[in-house]
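Enquirer: If it helps, the file is called coords.txt and holds compact mmCIF, C-alpha atoms:
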# COMPACT_ATOMS: atom_id res chain seq x y z
CA MET I 246 6.77 12.75 26.37
CA GLU I 247 7.17 15.87 24.28
CA ARG I 248 4.24 16.86 22.07
CA PHE I 249 4.89 18.39 18.69
CA GLU I 250 3.26 21.68 17.74
CA ILE I 251 0.90 21.64 14.77
CA PHE I 252 -1.32 24.02 12.88
CA PRO I 253 -5.10 23.49 13.13
CA LEU I 254 -6.22 20.12 11.80
CA LYS I 255 -8.07 20.18 8.52
CA ILE I 256 -10.75 17.50 8.28
CA THR I 257 -12.50 16.86 4.97
CA THR I 258 -15.51 14.56 5.14
CA SER I 259 -17.78 12.94 2.52
CA GLN I 260 -14.88 11.44 0.61
CA ALA I 261 -14.57 8.13 -1.22
CA LEU I 262 -11.53 5.85 -1.25
CA LEU I 263 -10.85 4.06 -4.54
CA THR I 264 -8.27 1.27 -4.69
CA PHE I 265 -7.34 0.07 -8.15
CA ILE I 266 -5.84 -3.39 -7.63
CA ASN I 267 -3.00 -4.75 -9.77
CA CYS I 268 -2.76 -2.03 -12.40
CA PRO I 269 -0.49 -2.94 -15.33
CA THR I 270 2.63 -0.78 -15.44
CA SER I 271 2.16 0.44 -19.01
CA ASP I 272 1.96 4.17 -19.67
CA HIS I 273 -1.41 3.62 -21.38
CA VAL I 274 -3.15 2.73 -18.11
CA SER I 275 -2.24 5.77 -16.05
CA ARG I 276 -2.59 8.08 -19.07
CA THR I 277 -6.13 6.89 -19.83
CA LEU I 278 -7.29 7.00 -16.23
CA PHE I 279 -5.82 10.37 -15.31
CA ASN I 280 -6.76 11.99 -18.62
CA TYR I 281 -10.33 10.88 -18.01
CA LEU I 282 -10.31 12.40 -14.51
CA GLN I 283 -8.79 15.60 -15.89
CA GLN I 284 -11.45 15.88 -18.58
CA CYS I 285 -14.13 15.52 -15.92
CA ARG I 286 -12.36 18.27 -13.90
CA ILE I 287 -11.92 15.94 -10.93
CA SER I 288 -9.69 17.05 -8.07
CA ILE I 289 -7.72 14.28 -6.34
CA ALA I 290 -7.63 14.72 -2.56
CA LEU I 291 -4.96 12.05 -2.11
CA LEU I 292 -3.00 9.65 -4.31
CA VAL I 293 -0.79 6.75 -3.28
CA GLU I 294 0.86 4.33 -5.69
CA SER I 295 2.99 1.37 -4.72
CA PRO I 296 4.39 -1.74 -6.36
CA VAL I 297 2.91 -5.18 -5.78
CA HIS I 298 3.90 -8.59 -7.11
CA ASN I 299 4.39 -9.40 -10.80
CA GLU I 300 5.29 -5.83 -11.71
CA ALA I 301 1.76 -4.66 -11.11
CA ARG I 302 0.89 -1.59 -9.09
CA ASN I 303 -1.84 -0.63 -6.66
CA LEU I 304 -3.20 2.86 -7.14
CA VAL I 305 -5.23 4.51 -4.39
CA LEU I 306 -7.21 7.70 -4.95
CA VAL I 307 -9.42 9.74 -2.65
CA LEU I 308 -12.15 11.79 -4.31
CA GLY I 309 -15.26 13.59 -3.11
CA GLU I 310 -18.27 11.30 -2.71
CA GLN I 311 -20.44 13.51 -4.90
CA THR I 312 -17.71 13.63 -7.51
CA LEU I 313 -17.53 9.86 -7.55
CA SER I 314 -21.27 9.50 -8.03
CA ARG I 315 -20.94 11.62 -11.17
CA ILE I 316 -18.28 9.41 -12.76
CA GLN I 317 -18.73 5.98 -11.18
CA SER I 318 -20.49 4.37 -14.14
CA ASP I 319 -17.73 5.55 -16.51
CA LEU I 320 -15.05 4.27 -14.12
CA GLU I 321 -16.76 0.89 -13.91
CA ALA I 322 -16.43 0.70 -17.70
CA LEU I 323 -12.86 1.95 -17.80
CA TRP I 324 -11.00 -0.16 -15.25
CA PRO I 325 -11.57 -3.58 -16.83
CA ALA I 326 -10.98 -2.15 -20.31
CA ILE I 327 -7.49 -0.95 -19.43
CA GLY I 328 -6.44 -4.15 -17.68
CA ILE I 329 -6.90 -3.28 -14.00
CA GLU I 330 -7.78 -6.37 -11.95
CA ALA I 331 -10.32 -4.83 -9.57
CA LEU I 332 -11.64 -1.60 -8.13
CA VAL I 333 -12.59 -1.45 -4.44
CA ILE I 334 -14.54 1.57 -3.19
CA GLU I 335 -14.98 2.54 0.48
CA LYS I 336 -17.15 5.44 1.63
CA PRO I 337 -17.79 7.64 3.44
CA VAL I 338 -14.26 8.36 4.56
CA ALA I 339 -12.55 11.48 5.90
CA VAL I 340 -9.15 12.97 5.15
CA ILE I 341 -7.38 14.46 8.17
CA ARG I 342 -4.49 16.78 7.39
CA ILE I 343 -1.83 17.37 10.02
CA LEU I 344 0.57 20.15 9.22
CA GLY I 345 3.44 21.03 11.49
CA PRO I 346 5.86 23.93 11.38
CA HIS I 347 8.77 21.73 12.43
CA PHE I 348 7.97 18.43 10.71
CA ASP I 349 10.96 18.71 8.42
CA ILE I 350 13.51 19.16 11.19
CA ARG I 351 12.06 16.96 13.95
CA PRO I 352 12.71 13.26 13.34
CA GLY I 353 10.49 10.65 14.94
CA ILE I 354 7.12 12.27 14.32
CA ALA I 355 5.92 9.78 11.70
CA GLY I 356 6.89 6.79 13.83
CA ARG I 357 5.18 8.09 16.93
CA LEU I 358 2.04 9.07 15.02
CA TYR I 359 1.68 5.64 13.44
CA ALA I 360 2.37 3.76 16.68
CA ARG I 361 -0.11 5.83 18.69
CA LEU I 362 -3.02 5.31 16.28
CA ALA I 363 -2.29 1.61 15.86
CA GLN I 364 -2.06 1.06 19.63
CA ALA I 365 -5.47 2.71 19.98
CA GLY I 366 -6.86 0.20 17.50
CA ILE I 367 -7.79 2.85 14.97
CA LYS I 368 -7.97 1.49 11.46
CA VAL I 369 -6.18 3.97 9.24
CA LEU I 370 -7.20 3.28 5.65
CA ILE I 371 -4.40 5.37 4.19
CA ASN I 372 -1.52 7.08 5.88
CA SER I 373 0.60 9.33 3.70
CA ILE I 374 3.38 11.32 5.31
CA THR I 375 5.67 13.69 3.46
CA VAL I 376 8.26 16.15 4.76
CA THR I 377 5.79 18.69 6.16
CA THR I 378 2.37 17.04 6.06
CA ALA I 379 0.64 13.90 7.29
CA LEU I 380 -2.63 12.86 5.66
CA LEU I 381 -4.74 10.18 7.31
CA VAL I 382 -7.79 8.60 5.72
CA VAL I 383 -10.20 7.00 8.16
CA HIS I 384 -13.83 5.97 8.23
CA GLU I 385 -15.94 8.96 9.19
CA ARG I 386 -17.10 7.20 12.36
CA GLU I 387 -13.47 7.23 13.60
CA ILE I 388 -12.92 11.00 13.40
CA GLU I 389 -13.51 11.77 17.08
CA ARG I 390 -11.27 8.93 18.25
CA VAL I 391 -8.49 10.01 15.92
CA GLN I 392 -8.69 13.60 17.17
CA LYS I 393 -8.45 12.37 20.76
CA GLU I 394 -5.41 10.20 20.08
CA LEU I 395 -3.67 12.94 18.12
CA THR I 396 -3.62 15.11 21.22
CA ALA I 397 -1.22 12.61 22.79
CA VAL I 398 1.31 13.20 20.04
CA PHE I 399 0.59 16.77 19.00
CA SER I 400 -0.08 20.01 20.78
CA PRO I 401 -3.31 21.36 19.29
CA PRO I 402 -3.31 25.10 18.54
CA LYS I 403 -5.98 25.98 21.14
CA SER I 404 -3.83 24.70 24.03
CA ARG I 405 -0.74 26.65 23.06
CA MET V 1339 -21.65 -1.53 -19.28
CA THR V 1340 -21.45 -1.56 -23.07
CA ASP V 1341 -18.26 -1.67 -25.09
CA SER V 1342 -19.49 1.30 -27.12
CA ARG V 1343 -19.61 3.46 -24.01
CA MET V 1344 -16.05 2.51 -23.08
CA LEU V 1345 -14.90 3.19 -26.65
CA GLU V 1346 -16.58 6.59 -26.54
CA ILE V 1347 -14.71 7.47 -23.33
CA ILE V 1348 -11.36 6.44 -24.82
CA ARG V 1349 -12.12 8.31 -28.09
CA ARG V 1350 -12.81 11.50 -26.14
CA LEU V 1351 -9.52 11.09 -24.29
CA SER V 1352 -7.58 10.62 -27.53
CA ASP V 1353 -9.08 13.78 -29.03
CA ALA V 1354 -8.05 15.97 -26.14
CA THR V 1355 -5.09 18.33 -26.39
CA PRO V 1356 -3.08 18.17 -23.16
CA PRO V 1357 -3.04 21.53 -21.41
CA PRO V 1358 0.28 23.06 -20.27
CA ILE V 1359 1.01 22.47 -16.58
CA ARG V 1360 3.14 24.76 -14.49
CA LEU V 1361 5.80 23.39 -12.17
CA SER V 1362 7.01 25.95 -9.65
CA ARG V 1363 9.36 23.92 -7.48
CA LEU V 1364 11.14 20.58 -7.47
CA ILE V 1365 13.01 19.43 -4.38
CA GLN V 1366 15.28 16.41 -4.47
CA SER V 1367 15.96 14.78 -1.11
CA PRO V 1368 19.34 13.60 0.12
CA ILE V 1369 20.02 9.90 -0.50
CA GLN V 1370 17.45 7.72 1.22
CA GLY V 1371 17.00 4.05 2.05
CA HIS V 1372 13.66 2.74 0.80
CA PHE V 1373 11.87 -0.07 2.64
CA SER V 1374 8.60 -1.79 1.83
CA PHE V 1375 6.81 -4.75 3.35
CA VAL V 1376 3.41 -6.35 3.80
CA ILE V 1377 1.88 -7.32 7.12
CA SER V 1378 -1.41 -8.97 7.96
CA ASP V 1379 -3.92 -7.28 10.26
CA GLU V 1380 -3.44 -9.98 12.92
CA HIS V 1381 0.28 -9.14 13.18
CA ARG V 1382 -0.07 -5.39 13.16
CA GLU V 1383 1.60 -5.14 16.56
CA ALA V 1384 4.89 -5.87 14.77
CA ALA V 1385 4.46 -2.66 12.75
CA VAL V 1386 3.54 -0.78 15.94
CA TRP V 1387 6.75 -2.01 17.57
CA LEU V 1388 8.80 -1.06 14.50
CA PHE V 1389 7.43 2.46 14.14
CA GLU V 1390 7.56 3.09 17.87
CA ALA V 1391 11.23 2.07 17.83
CA LEU V 1392 11.87 4.33 14.83
CA GLY V 1393 10.19 7.21 16.66
CA LYS V 1394 12.18 6.64 19.85
CA ALA V 1395 15.41 6.49 17.83
CA SER V 1396 14.44 9.77 16.14
CA VAL V 1397 14.88 8.23 12.70
CA ASN V 1398 13.86 10.80 10.13
CA LEU V 1399 11.15 9.35 7.86
CA ARG V 1400 10.73 11.78 4.98
CA TYR V 1401 8.24 9.52 3.24
CA LEU V 1402 5.83 6.99 4.71
CA ASN V 1403 2.62 5.47 3.52
CA GLU V 1404 0.42 2.51 4.22
CA HIS V 1405 -2.60 1.18 2.43
CA SER V 1406 -4.72 -1.96 2.38
CA GLU V 1407 -3.95 -4.63 -0.19
CA GLY V 1408 -7.13 -6.57 0.55
CA GLU V 1409 -7.28 -9.99 2.25
CA ASN V 1410 -6.51 -8.25 5.57
CA LYS V 1411 -3.05 -7.26 4.42
CA VAL V 1412 -1.47 -3.83 4.64
CA ARG V 1413 1.49 -2.61 2.61
CA PHE V 1414 3.93 -0.12 4.14
CA GLN V 1415 6.68 1.79 2.47
CA PHE V 1416 8.98 4.39 3.91
CA CYS V 1417 12.26 6.19 3.32
CA CYS V 1418 14.88 7.11 5.88
CA ASP V 1419 18.03 9.19 5.62
CA ALA V 1420 21.03 7.20 4.38
CA GLU V 1421 22.92 7.38 7.67
CA ALA V 1422 20.02 5.68 9.50
CA GLN V 1423 19.76 2.70 7.14
CA GLU V 1424 21.86 0.32 9.24
CA GLN V 1425 19.83 1.16 12.32
CA VAL V 1426 16.58 0.48 10.43
CA LEU V 1427 17.87 -2.79 9.01
CA GLN V 1428 18.75 -3.97 12.52
CA LEU V 1429 15.17 -3.28 13.63
CA PHE V 1430 13.87 -5.35 10.70
CA GLN V 1431 16.13 -8.20 11.78
CA SER V 1432 14.52 -8.29 15.22
CA GLU V 1433 12.31 -11.33 15.64
CA LYS V 1434 9.56 -8.96 16.77
CA VAL V 1435 9.37 -7.85 13.13
CA SER V 1436 11.06 -10.41 10.89
CA ASN V 1437 8.72 -13.25 11.85
CA PHE V 1438 5.63 -11.32 10.85
CA ILE V 1439 6.36 -9.46 7.63
CA ALA V 1440 6.27 -10.59 4.01
CA ASP V 1441 7.44 -9.27 0.67
CA PHE V 1442 10.21 -7.25 2.33
CA ARG V 1443 12.12 -5.05 -0.07
CA TYR V 1444 15.05 -2.71 0.59
CA VAL V 1445 16.64 -0.36 -1.93
CA GLU V 1446 19.82 1.22 -0.65
CA ALA V 1447 20.17 4.47 -2.59
CA THR V 1448 17.00 6.28 -3.58
CA VAL V 1449 15.80 9.87 -3.76
CA ILE V 1450 12.44 11.47 -3.12
CA MET V 1451 11.43 14.00 -5.75
CA SER V 1452 8.88 16.49 -4.43
CA LEU V 1453 7.06 18.44 -7.14
CA TYR V 1454 4.91 21.55 -6.60
CA PRO V 1455 2.09 22.50 -7.06
CA PHE V 1456 0.09 19.27 -7.37
CA ASN V 1457 -3.18 20.71 -6.04
CA GLY V 1458 -5.20 17.64 -6.98
CA GLN V 1459 -4.61 17.87 -10.75
CA PRO V 1460 -4.99 14.44 -12.43
CA GLN V 1461 -3.00 15.65 -15.43
CA PHE V 1462 -0.05 16.36 -13.14
CA ALA V 1463 -0.02 12.71 -12.05
CA ALA V 1464 -0.45 11.52 -15.65
CA ARG V 1465 2.66 13.41 -16.74
CA VAL V 1466 4.86 12.18 -13.91
CA PHE V 1467 3.80 8.55 -14.35
CA GLY V 1468 4.00 8.89 -18.11
CA ILE V 1469 7.54 10.19 -18.23
CA LEU V 1470 8.81 7.58 -15.79
CA ARG V 1471 7.23 4.72 -17.72
CA GLN V 1472 8.30 6.00 -21.12
CA ARG V 1473 11.89 6.13 -19.85
CA GLY V 1474 11.66 2.69 -18.26
CA ILE V 1475 12.35 4.10 -14.79
CA GLU V 1476 11.09 2.03 -11.89
CA LEU V 1477 8.82 4.03 -9.65
CA LEU V 1478 9.32 2.70 -6.13
CA GLY V 1479 6.42 4.68 -4.75
CA ALA V 1480 4.38 7.84 -5.14
CA SER V 1481 2.08 9.80 -2.89
CA THR V 1482 0.60 13.26 -2.57
CA ALA V 1483 -0.25 15.82 0.04
CA THR V 1484 -2.28 18.90 -0.81
CA ALA V 1485 0.31 20.80 -2.80
CA VAL V 1486 3.05 18.26 -3.32
CA PHE V 1487 3.46 15.18 -5.49
CA SER V 1488 6.27 12.97 -4.15
CA CYS V 1489 7.82 10.08 -6.00
CA VAL V 1490 10.65 7.74 -5.01
CA VAL V 1491 13.18 6.49 -7.57
CA SER V 1492 16.63 4.98 -7.50
CA SER V 1493 19.33 7.64 -7.20
CA ARG V 1494 20.92 6.37 -10.44
CA ASP V 1495 17.70 7.38 -12.28
CA ALA V 1496 17.50 10.87 -10.79
CA ASP V 1497 19.11 12.71 -13.70
CA SER V 1498 16.92 10.94 -16.24
CA VAL V 1499 13.80 11.81 -14.24
CA LEU V 1500 14.80 15.47 -14.07
CA THR V 1501 15.44 15.60 -17.81
CA GLY V 1502 12.09 13.97 -18.53
CA LEU V 1503 10.15 16.25 -16.20
CA LYS V 1504 11.71 19.33 -17.78
CA GLY V 1505 10.25 18.19 -21.07
CA VAL V 1506 6.65 17.79 -19.95
CA PHE V 1507 6.09 20.68 -17.54
CA VAL V 1508 6.24 24.43 -17.99
CA TRP V 1509 8.89 25.58 -15.51
CA GLN V 1510 8.37 28.85 -13.68
Using the file provided, produce a representation of the structure as structure tokens.
Expert:
Amino acid sequence: MERFEIFPLKITTSQALLTFINCPTSDHVSRTLFNYLQQCRISIALLVESPVHNEARNLVLVLGEQTLSRIQSDLEALWPAIGIEALVIEKPVAVIRILGPHFDIRPGIAGRLYARLAQAGIKVLINSITVTTALLVVHEREIERVQKELTAVFSPPKSR
Amino acid sequence: MTDSRMLEIIRRLSDATPPPIRLSRLIQSPIQGHFSFVISDEHREAAVWLFEALGKASVNLRYLNEHSEGENKVRFQFCCDAEAQEQVLQLFQSEKVSNFIADFRYVEATVIMSLYPFNGQPQFAARVFGILRQRGIELLGASTATAVFSCVVSSRDADSVLTGLKGVFVWQ
């Protein structure tokens, strides 16, 4: 099966995955949380937001582990105060960025990527695919396995 | 954690003057079908079958994300080009998928708005979420890559979103 060309993988380790469960949909919640992060000069490595039942939302953020340690006590105070049901933190995790020159004109890449990793039994914590980029968040212990499986779908730069 | 500490955090946030944020590019996708569903870890093979079939059929997924919802459940959402919607719906009707998914949702006409440059700025996210919620627009999903912030809304809301974004970003 054809392998898609990609640019070199970018792997960022020592990250933390924060899942804010059942966030109310009011403007106040996101404004307070993101304004706080902005004031602390936090950079968000990855954000995913999706609806859940009862008009609540789940918000997932990936931040540097060291960054999180600096703000964790404040966050623990903030989330219940603004009506979020729970905050789940997983660490250490890694963000793997896959960038392809033809992602936007070659259908089927996202489907094949997901199927390959799932068949290999790799637990992908977050998978966020846009027109040109795929970001995968996995436990750090899974990095080598993910790299191996990716070679079945993608043509790594060194072999071109 | 004391209430006074939380109040101090919120007071600091209220005092802050929002900085201007530059928006250099906004790309609106063609009309998309938006699908979301939940699947438990034990039935993940149904999602594998679905995405493998989508890959083999060369269905163009311009937006896809998955994340854990706790209790061994994973939520997926994705968008496909309008002309592939029927094909995708047929795959969902297969018993290999339909017997194992929950909370299935399909929105026929949506658009993906891709805004640049996100570059990890929390204030960028605050403005996008803020304008959508102030205007009562349902956000079907949002995700980021390094430079891009993507959000999915109904196509009937697209003009309102554009107007709102023009009011809260500095366009360059």
Enquirer: Just checking: using all atoms listed in the file, which residue out of I:Val398, I:Leu292, I:Leu313, I:Val338 ends up closest to chain V?
Expert: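 Using all atoms listed in the file, the shortest distance to chain V belongs to I:Leu292.
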Enquirer: Please write as number ranges by chain the list of polymer residues whose atoms come within 12 Å of (-1.7, -3.1, 0.8), counting all atoms listed in the file and keeping to the coordinates of the file.
Expert: I: 264-267, 293-298, 302-305, 369-372; V: 1374-1379, 1403-1415, 1440-1441
Enquirer: Please list as a PDB file with C-alpha atoms, keeping the file's coordinate frame every residue within 6 Å of I:Gly356, counting all atoms listed in the file and excluding residues in the same chain fewer than 2 positions away.
Expert:
ATOM      1  CA  GLY I 353      10.490  10.650  14.940  1.00  0.00           C
ATOM      2  CA  ILE I 354       7.120  12.270  14.320  1.00  0.00           C
ATOM      3  CA  LEU I 358       2.040   9.070  15.020  1.00  0.00           C
ATOM      4  CA  TYR I 359       1.680   5.640  13.440  1.00  0.00           C
TER       5      TYR I 359
ATOM      6  CA  PHE V1389       7.430   2.460  14.140  1.00  0.00           C
ATOM      7  CA  GLU V1390       7.560   3.090  17.870  1.00  0.00           C
ATOM      8  CA  LEU V1392      11.870   4.330  14.830  1.00  0.00           C
ATOM      9  CA  GLY V1393      10.190   7.210  16.660  1.00  0.00           C
TER      10      GLY V1393
END
Enquirer: Hey, could you make a per-residue contact list for chain V against chain I with 6 Å as the cut-off, showing the nearest pair of atoms and its distance in Å to one decimal, counting all atoms listed in the file, sorted by chain and number, as CSV?
Expert:
residue,atom,partner,partner_atom,distance
V:Met1339,CA,I:Ala322,CA,5.9
V:Met1344,CA,I:Ala322,CA,5.7
V:Val1386,CA,I:Ala360,CA,4.7
V:Phe1389,CA,I:Gly356,CA,4.4
V:Glu1390,CA,I:Ala360,CA,5.4
V:Leu1392,CA,I:Gly356,CA,5.6
V:Gly1393,CA,I:Gly353,CA,3.9
V:Ser1396,CA,I:Gly353,CA,4.2
V:Val1397,CA,I:Gly353,CA,5.5
V:Asn1398,CA,I:Pro352,CA,4.2
V:Arg1400,CA,I:Val376,CA,5.0
V:Tyr1401,CA,I:Thr375,CA,4.9
V:Leu1402,CA,I:Ile374,CA,5.0
V:Asn1403,CA,I:Ser373,CA,4.4
V:Glu1404,CA,I:Asn372,CA,5.2
V:His1405,CA,I:Ile371,CA,4.9
V:Gly1458,CA,I:Ile289,CA,4.2
V:Gln1459,CA,I:Ser288,CA,5.8
V:Pro1460,CA,I:Phe279,CA,5.1
V:Gln1461,CA,I:Gln283,CA,5.8
V:Ala1464,CA,I:Arg276,CA,5.3
V:Gly1468,CA,I:Asp272,CA,5.4
V:Arg1471,CA,I:Asp272,CA,5.6
V:Gly1479,CA,I:Ser295,CA,4.8
V:Ala1480,CA,I:Glu294,CA,5.0
V:Ser1481,CA,I:Val293,CA,4.2
V:Thr1482,CA,I:Leu292,CA,5.4
Enquirer: Take the point (6.3, 21.0, -18.4) in the file's coordinates, draw a sphere of radius 7 Å around it, and report as a list in words every protein, DNA or RNA residue with an atom inside or on it, counting only C-alpha atoms.
Expert: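 Residues lying no farther than 7 Å from the given point: Pro1358, Ile1359, Arg1360, Leu1361, Leu1503, Lys1504, Gly1505, Val1506, Phe1507, Val1508 and Trp1509 of chain V.
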Enquirer: I'd like the contact shell of V:Glu1446 - 10 Å cut-off, only C-alpha atoms, skipping same-chain residues fewer than 6 positions apart - returned as a PDB file with C-alpha atoms, in the coordinates of the input.
Expert:
ATOM      1  CA  ILE V1369      20.020   9.900  -0.500  1.00  0.00           C
ATOM      2  CA  GLN V1370      17.450   7.720   1.220  1.00  0.00           C
ATOM      3  CA  GLY V1371      17.000   4.050   2.050  1.00  0.00           C
ATOM      4  CA  HIS V1372      13.660   2.740   0.800  1.00  0.00           C
ATOM      5  CA  PHE V1373      11.870  -0.070   2.640  1.00  0.00           C
ATOM      6  CA  CYS V1417      12.260   6.190   3.320  1.00  0.00           C
ATOM      7  CA  ALA V1420      21.030   7.200   4.380  1.00  0.00           C
ATOM      8  CA  GLN V1423      19.760   2.700   7.140  1.00  0.00           C
ATOM      9  CA  SER V1492      16.630   4.980  -7.500  1.00  0.00           C
ATOM     10  CA  SER V1493      19.330   7.640  -7.200  1.00  0.00           C
TER      11      SER V1493
END
Enquirer: Of the candidates V:Leu1500, V:Ala1384, V:Ile1365, V:Met1451, which one gets nearest to V:Phe1438 if we count all atoms listed in the file?
Expert: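 Checking each of V:Leu1500, V:Ala1384, V:Ile1365, V:Met1451 against V:Phe1438, counting all atoms listed in the file, the winner is V:Ala1384.
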Enquirer: Could you tell me how far atom CA of V:Ala1385 sits from atom CA of V:Val1435, in Å to one decimal place?
Expert: 7.2 Å
Enquirer: Determine, counting only C-alpha atoms, which protein, DNA and RNA residues have an atom within 8 Å of an atom of V:Leu1364; residues of the same chain fewer than 4 positions away are not included. Present the result as a PDB file with C-alpha atoms, in the frame of the given file.
Expert:
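Writing done, so here's result27.pdb:
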ATOM      1  CA  MET V1451      11.430  14.000  -5.750  1.00  0.00           C
ATOM      2  CA  SER V1452       8.880  16.490  -4.430  1.00  0.00           C
ATOM      3  CA  LEU V1453       7.060  18.440  -7.140  1.00  0.00           C
ATOM      4  CA  TYR V1454       4.910  21.550  -6.600  1.00  0.00           C
TER       5      TYR V1454
END
Enquirer: By how many Å are atom CA of I:Thr257 and atom CA of I:Val340 apart?
Expert: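 Spanning atom CA of I:Thr257 to atom CA of I:Val340 is a straight-line distance of 5.1 Å.
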Enquirer: Could you jot down the atom CA of V:Cys1489 to atom CA of V:Ile1450 separation for me, Å, one decimal place?
Expert: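 Value for the atom CA of V:Cys1489-atom CA of V:Ile1450 distance: 5.6 Å.
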Enquirer: Enclose all atoms of stretch 1444-1452 of chain V listed in the file in an axis-aligned box, grow every side by 8 Å, and hand back centre and edge lengths in Å to one decimal, as lines of an AutoDock Vina configuration file.
Expert:
center_x = 14.5
center_y = 6.9
center_z = -2.6
size_x = 27.3
size_y = 35.2
size_z = 22.3
Enquirer: Go through I:Gly309, I:Leu344, I:Gln392, I:Arg386 and flag the residue nearest I:Ala261, using only C-alpha atoms for the distances.
Expert: I:Gly309
Enquirer: Reconstruct N, CA and C atoms of stretch 386-402 of chain I from the incomplete input and present them as a CSV table (one decimal), in the coordinates of the input.
Expert:
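The resulting file, part-v5.csv, is shown below:
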chain,number,residue,atom,x,y,z
I,386,ARG,N,-16.7,7.5,11.0
I,386,ARG,CA,-17.1,7.2,12.4
I,386,ARG,C,-15.9,7.2,13.3
I,387,GLU,N,-14.7,7.2,12.8
I,387,GLU,CA,-13.5,7.2,13.6
I,387,GLU,C,-12.9,8.6,13.9
I,388,ILE,N,-13.5,9.7,13.3
I,388,ILE,CA,-12.9,11.0,13.4
I,388,ILE,C,-12.7,11.4,14.8
I,389,GLU,N,-13.7,11.3,15.7
I,389,GLU,CA,-13.5,11.8,17.1
I,389,GLU,C,-12.4,11.0,17.8
I,390,ARG,N,-12.3,9.7,17.6
I,390,ARG,CA,-11.3,8.9,18.2
I,390,ARG,C,-9.9,9.4,17.8
I,391,VAL,N,-9.8,9.6,16.5
I,391,VAL,CA,-8.5,10.0,15.9
I,391,VAL,C,-8.1,11.3,16.5
I,392,GLN,N,-9.0,12.3,16.6
I,392,GLN,CA,-8.7,13.6,17.2
I,392,GLN,C,-8.2,13.5,18.6
I,393,LYS,N,-8.9,12.6,19.4
I,393,LYS,CA,-8.4,12.4,20.8
I,393,LYS,C,-7.0,11.8,20.8
I,394,GLU,N,-6.7,10.8,20.0
I,394,GLU,CA,-5.4,10.2,20.1
I,394,GLU,C,-4.3,11.2,19.6
I,395,LEU,N,-4.7,12.0,18.6
I,395,LEU,CA,-3.7,12.9,18.1
I,395,LEU,C,-3.2,13.9,19.2
I,396,THR,N,-4.0,14.2,20.2
I,396,THR,CA,-3.6,15.1,21.2
I,396,THR,C,-2.5,14.5,22.1
I,397,ALA,N,-2.3,13.2,22.0
I,397,ALA,CA,-1.2,12.6,22.8
I,397,ALA,C,0.1,12.8,22.1
I,398,VAL,N,0.1,13.0,20.8
I,398,VAL,CA,1.3,13.2,20.0
I,398,VAL,C,1.6,14.7,19.7
I,399,PHE,N,0.5,15.4,19.5
I,399,PHE,CA,0.6,16.8,19.0
I,399,PHE,C,0.0,17.7,20.0
I,400,SER,N,0.5,18.9,20.0
I,400,SER,CA,-0.1,20.0,20.8
I,400,SER,C,-1.0,20.8,19.9
I,401,PRO,N,-2.4,20.7,20.1
I,401,PRO,CA,-3.3,21.4,19.3
I,401,PRO,C,-3.2,22.9,19.5
I,402,PRO,N,-3.5,23.6,18.5
I,402,PRO,CA,-3.3,25.1,18.5
I,402,PRO,C,-4.0,25.8,19.7
